[in-house]
Amino acid sequence: MLKPFVKWAGGKSQLLKNIKSVYPNELGKMIKRYCEPFIGGGAVLFDILENYQIEDIYISDMNMELVNTYRIIKEDVDSLILLLETIQTEYLALSSEDKKIFYYKMRERFNNEKINGNKLINVEKAGLFIFLNKTCFNGLYRVNSKGIYNVPSGAYKNPMICDKENLIRISKALKNVQIHCTDYRQSLSFIDDKTFVYIDPPYRPLNGTANFTSYTENQFDDTAQVELAKFVAHLNKIGAMVVISNSDPKNTNPNDNFFDELYKEFNIVRVSARRMINCNGESRGIVSEILVTNY
């Protein structure tokens with residue numbers, strides 16, 4: 001079974017059953033193309049790859065480090081595994097305090113590579129990206145306005161840094177997948193009336209202090225959500241079958257109809273999910289999320 005190679009804020013593994021329930025019936029039959037322009041952790045992509053006969057697949061994201069890692073897994077997974085195994089062996093042999101020191105050294109190395117590296121496809125950066133994801137606080141990916149990754153160390157005794165078997169399976173599955181580092185609008189050239197499109201943008205924060213969407217240097221605010229809705233409306237005219245997921249504003253304000261108004265021409269379903277980011281694990285309660293379909 002394919003599974004995401006990173007922990008990702010807003011990752012869809014826990015909602016996969018709900019999302020699968022709204023897949024179009026024609027998927028894998030009449031619908032032979034799949035597009036996911038905010039790929040993130042890829043839980044839906046991996047389900048599609050494993051269970052449906054899809055001829056053409058397009059994925060993209062604005063997070064250059066994430067896209068680089070997908071490309072490395074696809075094109076040079078053996079080098080990536082070798083690097084991760086080396087890092088894992090060294091890290092797991094350390095004491096708790098030395099693990100933190102090691103983490104911050106690797107974070108600095110990653111940021112140096114991120115800022116100064118000039119390779120379009122970079123194995124070292126991909127390995128450090130996965131290592132930091134597996135050992136940082138809550139699996140967050142967060143950068144400041146200068147693009148510097150600034151998440152602190154987590155407290156893990158024995159994290160799985162190199163999941164060799166899964167990486168090999170993913171590499172084989174990605175063989176014919178188009179991988180792009182670009183704005184979601186660029187996917188328009190790929191999408192037609194035989195395409196299933198899953199759109200999982202940076203979520204609208206549930207409150208003013210819950211903005212964990214800074215996984216690139218650019219914010220995805222309400223204006224960006226409105227622009228995305230216009231894009232979805234255009235896809236609807238083309239005849240593509242679209243599913244959009246997002247947070248439900250009614251969790252904190254029952255009168256907030258932002259998405260109900262934005263997607264009033266489409267079908268909106270509310271589903272339950274567990275809030276995954278909170279410094280207090282006991283506060284990760286059940287919240288409502290929305291799934292929007294144009295069919």
# chains A, B, ... in the order shown; residues from 1 in each chain; ligands from 1
$ residues_around --residues "region 93-97 of chain A" --least-positions-apart "5" --cutoff "9 Å" --atoms "only C-alpha atoms" --output "list in words"
Gln88, Phe102, Ala155, Tyr156 and Lys157 of chain A
$ select_by_dssp --residues "region 37-276 of chain A" --states "helix (DSSP H, G or I)" --output "count of residues only"
115
$ closest_residue --among "A:Phe196, A:Asn158, A:Ala229, A:Val123" --to "Lys29 (chain A)" --atoms "only C-alpha atoms"
A:Phe196
$ closest_residue --among "A:Gly28, A:Pro37, A:Pro152, A:Pro205" --to "Lys134 (chain A)" --atoms "only C-alpha atoms"
A:Pro152
$ closest_residue --among "A:Asn25, A:Ser13, A:Asn257, A:Asn18" --to "Val44 (chain A)" --atoms "only C-alpha atoms"
A:Ser13
$ residues_around --residues "region 103-105 of chain A" --least-positions-apart "3" --cutoff "9 Å" --atoms "only C-alpha atoms" --output "JSON list (two decimals) with C-alpha atoms, in the first residue's frame"
[["chain", "number", "residue", "atom", "x", "y", "z"],
["A", 91, "TYR", "CA", 20.60, 10.22, 14.35],
["A", 98, "ASP", "CA", 22.47, 15.28, 20.96],
["A", 99, "LYS", "CA", 19.50, 14.53, 18.69],
["A", 100, "LYS", "CA", 18.41, 18.17, 19.09],
["A", 108, "GLU", "CA", 20.98, 24.94, 8.97],
["A", 109, "ARG", "CA", 22.39, 22.72, 6.25],
["A", 110, "PHE", "CA", 18.96, 22.48, 4.62],
["A", 131, "PHE", "CA", 14.65, 14.06, 7.76],
["A", 132, "LEU", "CA", 13.42, 17.42, 9.08],
["A", 135, "THR", "CA", 11.96, 14.84, 13.36],
["A", 136, "CYS", "CA", 10.58, 18.38, 13.63],
["A", 152, "PRO", "CA", 11.92, 23.62, 16.05],
["A", 153, "SER", "CA", 12.99, 20.09, 16.86]]
$ residues_around --residues "Ala43 (chain A)" --least-positions-apart "5" --cutoff "9 Å" --atoms "only C-alpha atoms" --output "list in words"
Leu2, Lys3, Pro4, Gly11, Lys12, Ser13, Leu16 and Ile48 of chain A
$ select_by_dssp --residues "region 117-276 of chain A" --states "strand (DSSP E)" --output "PyMOL selection string"
chain A and resi 177-181+195-199+241-247+267-274
$ residues_around --residues "Ser171 (chain A)" --least-positions-apart "2" --cutoff "12 Å" --atoms "only C-alpha atoms" --output "list in words"
Leu2, Lys3, Pro4, Phe5, Phe46, Leu49, Thr69, Tyr70, Arg71, Ile72, Ile73, Lys74, Glu75, Asp76, Val77, Asp78, Leu80, Ile81, Lys164, Glu165, Asn166, Leu167, Ile168, Arg169, Ala173, Leu174, Lys175, Asn176 and Val177 of chain A
$ write_last_selection --atoms "C-alpha atoms" --output "compact mmCIF listing (two decimals), in the first residue's frame"
# COMPACT_ATOMS: atom_id res chain seq x y z
CA LEU A 2 1.32 3.40 -0.99
CA LYS A 3 1.38 6.01 1.76
CA PRO A 4 2.62 9.61 2.00
CA PHE A 5 6.38 9.91 2.51
CA PHE A 46 -1.42 7.58 -4.00
CA LEU A 49 -2.37 5.50 -8.46
CA THR A 69 11.51 15.61 -3.21
CA TYR A 70 8.78 14.13 -5.43
CA ARG A 71 11.13 14.44 -8.41
CA ILE A 72 14.04 12.80 -6.59
CA ILE A 73 11.84 9.92 -5.46
CA LYS A 74 10.72 9.46 -9.05
CA GLU A 75 14.12 9.82 -10.73
CA ASP A 76 16.84 8.89 -8.19
CA VAL A 77 15.29 7.02 -5.30
CA ASP A 78 18.37 4.84 -4.71
CA LEU A 80 17.89 9.27 -1.68
CA ILE A 81 17.55 6.01 0.26
CA LYS A 164 12.82 2.20 2.07
CA GLU A 165 10.03 -0.07 0.86
CA ASN A 166 7.49 2.74 0.63
CA LEU A 167 9.91 5.04 -1.20
CA ILE A 168 10.62 2.32 -3.77
CA ARG A 169 6.91 1.69 -4.30
CA ALA A 173 4.13 4.57 -9.11
CA LEU A 174 5.36 8.04 -10.13
CA LYS A 175 7.01 6.76 -13.31
CA ASN A 176 4.50 8.37 -15.69
CA VAL A 177 3.37 11.27 -13.48
$ residues_around --residues "region 264-273 of chain A" --least-positions-apart "4" --cutoff "12 Å" --atoms "only C-alpha atoms" --output "PyMOL selection string"
chain A and resi 10-19+21-22+229-230+232-233+236+241-251+257-260+277+284-295
$ closest_atom_pairs --of "region 113-218 of chain A" --to "region 58-67 of chain A" --cutoff "9 Å" --atoms "only C-alpha atoms" --output "Markdown table"
| residue | atom | partner | partner_atom | distance |
| --- | --- | --- | --- | --- |
| A:Lys114 | CA | A:Glu65 | CA | 7.8 |
| A:Lys125 | CA | A:Glu65 | CA | 7.3 |
| A:Ala126 | CA | A:Glu65 | CA | 7.0 |
| A:Phe129 | CA | A:Glu65 | CA | 7.1 |
| A:Val177 | CA | A:Tyr58 | CA | 6.0 |
| A:Gln178 | CA | A:Tyr58 | CA | 4.8 |
| A:Ile179 | CA | A:Ile59 | CA | 5.2 |
| A:His180 | CA | A:Ser60 | CA | 4.5 |
| A:Cys181 | CA | A:Asp61 | CA | 5.3 |
| A:Thr182 | CA | A:Met62 | CA | 5.3 |
| A:Asp183 | CA | A:Met62 | CA | 6.0 |
| A:Tyr184 | CA | A:Ser60 | CA | 7.1 |
| A:Ser187 | CA | A:Tyr58 | CA | 7.6 |
| A:Phe190 | CA | A:Tyr58 | CA | 7.4 |
| A:Ile191 | CA | A:Tyr58 | CA | 9.0 |
| A:Tyr215 | CA | A:Asn63 | CA | 6.8 |
| A:Thr216 | CA | A:Asn63 | CA | 5.7 |
| A:Glu217 | CA | A:Asn63 | CA | 8.9 |
$ write_last_selection --atoms "C-alpha atoms" --output "CSV table (one decimal), in the first residue's frame"
chain,number,residue,atom,x,y,z
A,114,LYS,CA,17.7,25.9,0.0
A,125,LYS,CA,18.0,18.8,-0.2
A,126,ALA,CA,15.3,16.1,-0.6
A,129,PHE,CA,13.6,17.7,3.7
A,177,VAL,CA,3.4,11.3,-13.5
A,178,GLN,CA,4.0,14.8,-14.6
A,179,ILE,CA,5.5,16.8,-11.6
A,180,HIS,CA,5.6,20.6,-11.7
A,181,CYS,CA,6.6,23.4,-9.4
A,182,THR,CA,4.2,26.0,-10.5
A,183,ASP,CA,1.0,28.0,-9.7
A,184,TYR,CA,-2.2,26.0,-9.8
A,187,SER,CA,-2.6,23.1,-14.8
A,190,PHE,CA,-3.7,19.8,-18.9
A,191,ILE,CA,-7.3,19.7,-17.8
A,215,TYR,CA,4.6,26.5,3.7
A,216,THR,CA,5.9,28.9,1.0
A,217,GLU,CA,6.9,32.6,1.3
